[in-house]
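Student: Shown below is the structure under consideration.
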Protein chains: 2
Amino acid sequence: MLIILQSPAKKRGMSLATRKPRNTSGRRSGAPTISDVAVLAGVSPMTVSRVINGEAKVREATREAVNVAIDTLRYAPNRAARSLAGGGQMRIGLLYSNPSAAYLSEFLVGSLEQASRSDVQLIVEKCDIGDHEIEVARHMIESGIDGVILPPPLCDSRAVLDVLTEAGVPTVVVATGSPPEGSAAVTIDDFEAARAMTEHLVKLGHSRIGFIIGNPNQTASRLRHEGYLAAIADAGLAPDESLVVGGLFTYRSGLDGAEQLLDAKDAPTAIFASNDDMAAATVAVAHRRGLDVPGDLTVCGFDDSALATTIWPELTTIHQPIADMSRAAVELLVSAIFNRRSGGKDANGHVVLDYTLVRRQSDAAPRRRPPSRVHL
Amino acid sequence: MLIILQSPAKKRGMSLATRKPRNTSGRRSGAPTISDVAVLAGVSPMTVSRVINGEAKVREATREAVNVAIDTLRYAPNRAARSLAGGGQMRIGLLYSNPSAAYLSEFLVGSLEQASRSDVQLIVEKCDIGDHEIEVARHMIESGIDGVILPPPLCDSRAVLDVLTEAGVPTVVVATGSPPEGSAAVTIDDFEAARAMTEHLVKLGHSRIGFIIGNPNQTASRLRHEGYLAAIADAGLAPDESLVVGGLFTYRSGLDGAEQLLDAKDAPTAIFASNDDMAAATVAVAHRRGLDVPGDLTVCGFDDSALATTIWPELTTIHQPIADMSRAAVELLVSAIFNRRSGGKDANGHVVLDYTLVRRQSDAAPRRRPPSRVHL
DNA sequence: ACTAATGTTGGGAGCGATAACACGCAAGCA
DNA sequence: TGCTTGCGTGTTATCGCTCCCAACATTAGT
């Protein structure tokens, strides 16, 4: 196919010889445009635009013709042009810190996808937790961002949040335990999830279930802990403080927690760690002590991060739909920005997505009797 | 087919008065435009553009004035407009499969950053390895992508590569052992890196150094293996086939490999695994057998993935500058596309970035003597 | 049959930026 | 002095698309 674009280039004294390099080869990259489609379909560009955007007032026959043309030409709308014309280029920022790589990558994939679908530009910025988080946030604001997404653990940073709301930047926090007043949030029900997992353990027959708490800085930790407690209570089990130890969400802290739990006189037959890293550490400690998992000790995690399926045995854990959450976050943010632009007030949506308990190989019923009582 | 698009002819008669009635009224979202800056600086928009793009022919005083205006207005160029006007929107695809999450996230961050810097749109698509990889690739091509980036392990997929080159889509492969003819590549020197690591082990005093090979599907595996072999030879050590076992880059396979290595009569005092996952598995096996790492056994990995610093002891490993590599990949791809557009032939660049050997806690000198010989 | 209402479609003006050319002006050279 | 250079800037035309509104087509209402 040959496309010749004729433009009114022959201005005043311009000779043909002088002009030319541009039109035929230069600027156009070759991608079909909306007018190409229009010509082929025998309609105006406007109509094509309507079809693409799924507007109502287009006759069925016309729509059909346009679609055929689109397929024929393999036409794909030019995003840049679209957002330029369509009144609003949005740029939203994604501020991340603790690169729990597994989490981050899923998160990124999800937000990227949604961002490109919603035609917004995603600006990703790293912001190692430390005393300069605020500066980074501020920098982002000044670079003219329209909204910000805060995945954990930044979602719990009062400081960052304050800077953001003060600047009047719409914000969506993801996976925080306590969504702040002024911003939208996407979460799963950490409480219920932890409760469900604990309940699962109870149903398996465990009565001494250890728990390793997450980093106290993150509000989700509290919810998970409470969920555990609730399930224990529901099961009519006596709460035992020696079965609960503190942790920091790190592997290292999981190592310590597990040692502590397993050192106890009346050691648990199952340990539920507040995240996969600590669960993995627990498995390591168990193995080091010659304990079989899940034969001698059941271990469960939370998050379903990559680690969960990396190690052996693979971890029974709570799956968070991370990509979906970030997708939802972008969507929420976009509509919030949209609202604000059209004068509406902020709609502090709070989206709660479903978690899933995925059973893998790290859980099992306890041995016949709790080891401390009767010897088999 | 011949299509002649004729632009509206009445342009000619357009008077200055008719032009740009709008700019001042501004129904925009509030972001300052290049003309706002121009007005404030008392120059034309074009000049502002020149300043922004760092072009040469602008008087110092003017540049200064423009910059002041830019700062005052907190002006940031509109990307959409920019890529629309400037030669054309590029869209490049990133096809990933094996979500080694840790790797992927770093990779994504790097490419995102560079993509936004180069003003290209990044389309990320998952493509689980299986028999439909080709379809996904084809789909991507048809969606009108200008180029594709292939991180491992897809970079070694002949099938995908073929589809791509056949369609004439510029491609950059990352971290492959054997960069194919038609495409640019970004790698580290796997051979040298493995050699360096092995040498490091030798210097530490180890003479029986085990090696776990990576997945034979990935060409990098071969290079690492060869690097190991070279170092062994260089050190004047007798190559011992019982010290080398196969693996698949998975934790599971690492478990098997390590068992095998440690079961041998004359077990190694150090094990170098071709990636961190397998190294982590080796540590687990060692612990299960009551071996201290690094006291009784040195374990080293490759990649410096998140896992390396997650587990305990943290892994001594080869650091790949993943983000830099993906950044480089995007850059390379962009210039390749650019070249091609302006008629030049493809420049199959091959960028080799530096690796780093990072020492952490998993390596040490062997115990006084190889355990099998003299007892201390 | 004629106006009114409704449904479809086309026209043209931008969105914000850049490319390429046009142009004024001071310096360089004969 | 007259004319070429060439730098620094302004001007114009798009880029590909969507928005607003007018033009036209179709069907309905009395």
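Ordering of the structure tokens sets the chain letters (A, B, ...), residue numbers begin anew at 1 in every chain, and ligands are numbered from 1 in the order given.
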List the neighbours of Asp162 in chain B out to 12 Å using only C-alpha atoms (C1' of nucleotides); skip same-chain residues closer than 3 positions along the sequence, and give me the result as a list in words.
Tutor: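 Here the answer would be Glu133, Ile134, Ala137, Arg138, Leu154, Cys155, Asp156, Ser157, Arg158, Ala159, Thr165, Glu166, Ala167, Gly168, Val169, Pro170, Thr171, Pro180, Glu181, Gly182 and Ser183 of chain B.
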Student: Quick one: write out the picked residues with C-alpha atoms as a PDB file, in the first residue's frame?
Tutor:
ATOM      1  CA  GLU B 133       3.924 -18.227  23.450  1.00  0.00           C
ATOM      2  CA  ILE B 134       3.898 -17.669  19.753  1.00  0.00           C
ATOM      3  CA  ALA B 137       3.937 -12.730  20.499  1.00  0.00           C
ATOM      4  CA  ARG B 138       1.923 -12.578  17.348  1.00  0.00           C
ATOM      5  CA  LEU B 154      11.919 -15.782  26.804  1.00  0.00           C
ATOM      6  CA  CYS B 155      15.111 -14.363  25.383  1.00  0.00           C
ATOM      7  CA  ASP B 156      16.144 -17.892  24.604  1.00  0.00           C
ATOM      8  CA  SER B 157      12.972 -18.931  22.917  1.00  0.00           C
ATOM      9  CA  ARG B 158      13.829 -19.583  19.322  1.00  0.00           C
ATOM     10  CA  ALA B 159      10.170 -19.732  18.439  1.00  0.00           C
ATOM     11  CA  THR B 165      12.208 -11.259  13.258  1.00  0.00           C
ATOM     12  CA  GLU B 166       9.941 -12.619  10.602  1.00  0.00           C
ATOM     13  CA  ALA B 167       7.545  -9.804  11.299  1.00  0.00           C
ATOM     14  CA  GLY B 168      10.435  -7.423  11.161  1.00  0.00           C
ATOM     15  CA  VAL B 169       9.973  -6.204  14.692  1.00  0.00           C
ATOM     16  CA  PRO B 170      13.130  -4.897  16.321  1.00  0.00           C
ATOM     17  CA  THR B 171      13.933  -6.923  19.376  1.00  0.00           C
ATOM     18  CA  PRO B 180      20.818 -14.161  18.156  1.00  0.00           C
ATOM     19  CA  GLU B 181      21.905 -12.627  14.899  1.00  0.00           C
ATOM     20  CA  GLY B 182      19.160 -10.212  14.144  1.00  0.00           C
ATOM     21  CA  SER B 183      18.631  -8.536  17.452  1.00  0.00           C
TER      22      SER B 183
END
Student: Taking all C-alpha atoms matched one to one in order, superimpose chain A on chain B and note the resulting RMSD in Å.
Tutor: 6.3 Å
Student: Check every residue of chain B for an atom within 8 Å of chain D, counting only C-alpha atoms (C1' of nucleotides), and provide those that qualify as a list of chain:residue names.
Tutor: B:Ser44, B:Met46, B:Thr47, B:Lys57, B:Val58, B:Arg59, B:Leu84, B:Ala85, B:Gly86, B:Gly87, B:Gly88
Student: Which residues, written as a list in words, have at least one atom at most 12 Å from Pro294 in chain A, with only C-alpha atoms (C1' of nucleotides) counted and residues fewer than 5 positions away on the same chain left out?
Tutor: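 In the requested format, the answer is Leu201, Leu204, Thr269, Ala270, Ile271, Thr282, Val283, Ala286, His287, Val299, Cys300, Trp312, Pro313, Glu314, Leu315, Thr316, Arg360, Gln361, Ser362, Asp363, Ala364, Ala365, Pro366 and Arg367 of chain A.
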Student: As a PyMOL selection string, please: every residue in range 289-328 of chain A that DSSP puts in strand (DSSP E).
Tutor: chain A and resi 298-300+317-319
Student: For the residues in the current selection, export C-alpha atoms as a PDB file, in the first residue's frame.
Tutor:
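File written: out_28.pdb
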ATOM      1  CA  THR A 298       2.196 -27.235  60.264  1.00  0.00           C
ATOM      2  CA  VAL A 299       3.331 -23.848  58.981  1.00  0.00           C
ATOM      3  CA  CYS A 300       1.181 -21.267  57.249  1.00  0.00           C
ATOM      4  CA  THR A 317      -1.086 -19.246  52.731  1.00  0.00           C
ATOM      5  CA  ILE A 318      -3.565 -16.465  52.163  1.00  0.00           C
ATOM      6  CA  HIS A 319      -3.545 -15.264  48.603  1.00  0.00           C
TER       7      HIS A 319
END
